[in-house]
Amino acid sequence: GESDRMKLISWNVNGLRACLKKGFLDFYQEQKPDFCCLQETKMEQGQADVDLGENMLEYWNSAEKKGYSGTAVFTPHQPLVVRYGMGKEEHDHEGRLITLEYEKFYLVCCYTPNSQSELKRLDYRMEWEDAFRAYLLALDAKKPVILCGDFNVAREHIDIYPENLRNEPEPPGFQSLEREGMERLLALGLTDVFRAWHPHLQAKGAYGRCSCTSAQEECGCRQRIDTVLFATYNNSTRQATACVCPSVEVGGCAGRHRLMELSGGVVQRNLKPA
């Protein structure tokens, strides 16, 4: 069942099969999260041995294209309903969305489409984001929403590392339209938890994803594109905390994961049309 305190991890693993070989299960057992939300799993359930332990539930939404995209949620908490995708034919073939419904809230694991090189999919991404906001509003009309995932956008210049790269031309993941899309998402009433608690943090450890091509991947540049969002929280009692766990380095996987703890009463229904 749902307790008053929950631990939630959101992590782009950039291929779970590879991550399993680099300590993922040890890390999972060490953290024992209430919800582990993964993006870019690049596999189907059963393609690898994912031994999470007794009484653990697995929910997978894999892309029709093999070895591409995909999301998964691992949890000991039995949901009332599980939904895969947003119910739109044009957006539900790439395994980008899982929604778990509980008595008091919805948990949504999301992997937003990448605009890709030369912005080949930017128009599609904008269409996806419009449909996704409408989907969230429909959920929120019933109960609060906790949203986490890889949104494939760095919100602000502070979310790019190191500082000398902040004056470069806009790369995919930092396009004006992409950033505006994230702000419209937040305008629904969602909070970027990590940045709410760490408004000025610019240490290298706060950045997860290398934005370079594979040939340049050792250059050290990073973007903060993996985010935990939720409807609201009680600022006076610090009922929500968010951090980047250094132990993610054991996995060597794409993004440092986001870990968040929520205390009772932390989510409230307050989304609104942007």
# chains A, B, ... in the order shown; residues from 1 in each chain; ligands from 1
>>> select_by_dssp(residues="stretch 23-60 of chain A", states="strand (DSSP E)", output="list of chain:residue names")
A:Phe35, A:Cys36, A:Cys37, A:Leu38, A:Gln39, A:Leu57, A:Glu58, A:Tyr59, A:Trp60
>>> residues_around(residues="stretch 104-121 of chain A", least_positions_apart="2", cutoff="7 Å", atoms="only C-alpha atoms", output="list in words")
Cys37, Gln39, Arg96, Leu97, Ile98, Thr99, Leu100, Glu101, Tyr102, Asp123, Tyr124, Arg125, Lys143, Pro144, Val145, Ile146, Leu147, Cys148, Gly149, Asp150, Phe151, Asn152 and Pro172 of chain A
>>> closest_residue(among="A:Ala18, A:Leu185, A:Leu52, A:Val73", to="A:Asp130", atoms="only C-alpha atoms")
A:Leu185
>>> closest_residue(among="A:Val193, A:Val50, A:Ala72, A:Leu8", to="A:Leu38", atoms="only C-alpha atoms")
A:Ala72
>>> atom_distance(atom1="atom CA of A:Glu94", atom2="atom CA of A:Glu64")
6.1 Å
>>> select_by_dssp(residues="stretch 21-148 of chain A", states="alpha helix (DSSP H)", output="list of chain:residue names")
A:Phe24, A:Leu25, A:Asp26, A:Phe27, A:Tyr28, A:Gln29, A:Glu30, A:Gln31, A:Leu122, A:Asp123, A:Tyr124, A:Arg125, A:Met126, A:Glu127, A:Trp128, A:Glu129, A:Asp130, A:Ala131, A:Phe132, A:Arg133, A:Ala134, A:Tyr135, A:Leu136, A:Leu137, A:Ala138, A:Leu139, A:Asp140
>>> write_last_selection(atoms="N, CA, C and O atoms", output="mmCIF file, in the first residue's frame")
data_model
loop_
_atom_site.group_PDB
_atom_site.id
_atom_site.type_symbol
_atom_site.label_atom_id
_atom_site.label_comp_id
_atom_site.auth_asym_id
_atom_site.auth_seq_id
_atom_site.Cartn_x
_atom_site.Cartn_y
_atom_site.Cartn_z
ATOM 1 N N PHE A 24 23.683 -2.221 -11.654
ATOM 2 C CA PHE A 24 22.346 -1.676 -11.441
ATOM 3 C C PHE A 24 21.605 -2.380 -10.312
ATOM 4 O O PHE A 24 20.999 -1.731 -9.452
ATOM 5 N N LEU A 25 21.630 -3.716 -10.295
ATOM 6 C CA LEU A 25 20.860 -4.445 -9.292
ATOM 7 C C LEU A 25 21.412 -4.227 -7.887
ATOM 8 O O LEU A 25 20.641 -4.117 -6.918
ATOM 9 N N ASP A 26 22.722 -4.129 -7.752
ATOM 10 C CA ASP A 26 23.306 -3.822 -6.444
ATOM 11 C C ASP A 26 22.840 -2.462 -5.960
ATOM 12 O O ASP A 26 22.489 -2.280 -4.786
ATOM 13 N N PHE A 27 22.864 -1.514 -6.866
ATOM 14 C CA PHE A 27 22.404 -0.170 -6.526
ATOM 15 C C PHE A 27 20.924 -0.182 -6.129
ATOM 16 O O PHE A 27 20.522 0.432 -5.143
ATOM 17 N N TYR A 28 20.119 -0.914 -6.885
ATOM 18 C CA TYR A 28 18.689 -0.983 -6.604
ATOM 19 C C TYR A 28 18.443 -1.567 -5.223
ATOM 20 O O TYR A 28 17.633 -1.036 -4.444
ATOM 21 N N GLN A 29 19.112 -2.637 -4.892
ATOM 22 C CA GLN A 29 18.923 -3.267 -3.588
ATOM 23 C C GLN A 29 19.417 -2.371 -2.461
ATOM 24 O O GLN A 29 18.858 -2.373 -1.354
ATOM 25 N N GLU A 30 20.439 -1.610 -2.725
ATOM 26 C CA GLU A 30 20.946 -0.679 -1.712
ATOM 27 C C GLU A 30 19.947 0.437 -1.434
ATOM 28 O O GLU A 30 19.712 0.808 -0.282
ATOM 29 N N GLN A 31 19.337 0.963 -2.481
ATOM 30 C CA GLN A 31 18.421 2.096 -2.326
ATOM 31 C C GLN A 31 17.013 1.669 -1.913
ATOM 32 O O GLN A 31 16.336 2.386 -1.199
ATOM 33 N N LEU A 122 11.937 17.908 -34.309
ATOM 34 C CA LEU A 122 11.473 19.007 -33.457
ATOM 35 C C LEU A 122 9.972 19.233 -33.600
ATOM 36 O O LEU A 122 9.263 19.405 -32.598
ATOM 37 N N ASP A 123 9.464 19.224 -34.825
ATOM 38 C CA ASP A 123 8.025 19.442 -35.019
ATOM 39 C C ASP A 123 7.211 18.337 -34.344
ATOM 40 O O ASP A 123 6.200 18.613 -33.681
ATOM 41 N N TYR A 124 7.669 17.091 -34.499
ATOM 42 C CA TYR A 124 6.954 15.993 -33.847
ATOM 43 C C TYR A 124 7.020 16.132 -32.329
ATOM 44 O O TYR A 124 6.027 15.912 -31.624
ATOM 45 N N ARG A 125 8.174 16.510 -31.835
ATOM 46 C CA ARG A 125 8.326 16.687 -30.387
ATOM 47 C C ARG A 125 7.326 17.713 -29.858
ATOM 48 O O ARG A 125 6.710 17.518 -28.807
ATOM 49 N N MET A 126 7.149 18.818 -30.577
ATOM 50 C CA MET A 126 6.208 19.851 -30.142
ATOM 51 C C MET A 126 4.779 19.309 -30.130
ATOM 52 O O MET A 126 3.990 19.613 -29.227
ATOM 53 N N GLU A 127 4.429 18.501 -31.118
ATOM 54 C CA GLU A 127 3.100 17.884 -31.147
ATOM 55 C C GLU A 127 2.926 16.935 -29.965
ATOM 56 O O GLU A 127 1.863 16.901 -29.330
ATOM 57 N N TRP A 128 3.957 16.171 -29.678
ATOM 58 C CA TRP A 128 3.927 15.226 -28.553
ATOM 59 C C TRP A 128 3.726 15.976 -27.239
ATOM 60 O O TRP A 128 2.920 15.564 -26.385
ATOM 61 N N GLU A 129 4.463 17.071 -27.073
ATOM 62 C CA GLU A 129 4.368 17.830 -25.825
ATOM 63 C C GLU A 129 2.980 18.429 -25.639
ATOM 64 O O GLU A 129 2.450 18.457 -24.524
ATOM 65 N N ASP A 130 2.376 18.917 -26.710
ATOM 66 C CA ASP A 130 1.008 19.461 -26.609
ATOM 67 C C ASP A 130 0.033 18.383 -26.146
ATOM 68 O O ASP A 130 -0.806 18.606 -25.266
ATOM 69 N N ALA A 131 0.139 17.200 -26.742
ATOM 70 C CA ALA A 131 -0.745 16.095 -26.361
ATOM 71 C C ALA A 131 -0.467 15.643 -24.934
ATOM 72 O O ALA A 131 -1.396 15.290 -24.181
ATOM 73 N N PHE A 132 0.792 15.679 -24.532
ATOM 74 C CA PHE A 132 1.160 15.234 -23.192
ATOM 75 C C PHE A 132 0.603 16.177 -22.126
ATOM 76 O O PHE A 132 0.111 15.728 -21.082
ATOM 77 N N ARG A 133 0.661 17.475 -22.365
ATOM 78 C CA ARG A 133 0.093 18.412 -21.394
ATOM 79 C C ARG A 133 -1.408 18.182 -21.231
ATOM 80 O O ARG A 133 -1.936 18.212 -20.109
ATOM 81 N N ALA A 134 -2.094 17.949 -22.329
ATOM 82 C CA ALA A 134 -3.530 17.678 -22.246
ATOM 83 C C ALA A 134 -3.784 16.391 -21.461
ATOM 84 O O ALA A 134 -4.738 16.303 -20.672
ATOM 85 N N TYR A 135 -2.928 15.393 -21.654
ATOM 86 C CA TYR A 135 -3.052 14.133 -20.924
ATOM 87 C C TYR A 135 -2.887 14.363 -19.422
ATOM 88 O O TYR A 135 -3.667 13.838 -18.607
ATOM 89 N N LEU A 136 -1.881 15.152 -19.031
ATOM 90 C CA LEU A 136 -1.653 15.424 -17.617
ATOM 91 C C LEU A 136 -2.828 16.166 -16.988
ATOM 92 O O LEU A 136 -3.226 15.875 -15.852
ATOM 93 N N LEU A 137 -3.386 17.117 -17.717
ATOM 94 C CA LEU A 137 -4.527 17.861 -17.186
ATOM 95 C C LEU A 137 -5.730 16.946 -16.968
ATOM 96 O O LEU A 137 -6.467 17.101 -15.990
ATOM 97 N N ALA A 138 -5.916 15.986 -17.855
ATOM 98 C CA ALA A 138 -7.023 15.043 -17.696
ATOM 99 C C ALA A 138 -6.816 14.180 -16.454
ATOM 100 O O ALA A 138 -7.774 13.892 -15.712
ATOM 101 N N LEU A 139 -5.577 13.772 -16.188
ATOM 102 C CA LEU A 139 -5.289 13.020 -14.969
ATOM 103 C C LEU A 139 -5.536 13.863 -13.737
ATOM 104 O O LEU A 139 -6.167 13.430 -12.760
ATOM 105 N N ASP A 140 -5.024 15.085 -13.774
ATOM 106 C CA ASP A 140 -5.085 15.950 -12.606
ATOM 107 C C ASP A 140 -6.513 16.351 -12.245
ATOM 108 O O ASP A 140 -6.784 16.729 -11.115
#
>>> residues_around(residues="A:Ala63", least_positions_apart="2", cutoff="8 Å", atoms="only C-alpha atoms", output="NGL selection string")
:A and (42 or 61 or 65-70 or 93-96)
>>> atom_distance(atom1="atom CA of A:Asp34", atom2="atom CA of A:Gly53")
13.2 Å
>>> atom_distance(atom1="atom CA of A:His77", atom2="atom CA of A:Phe35")
8.2 Å
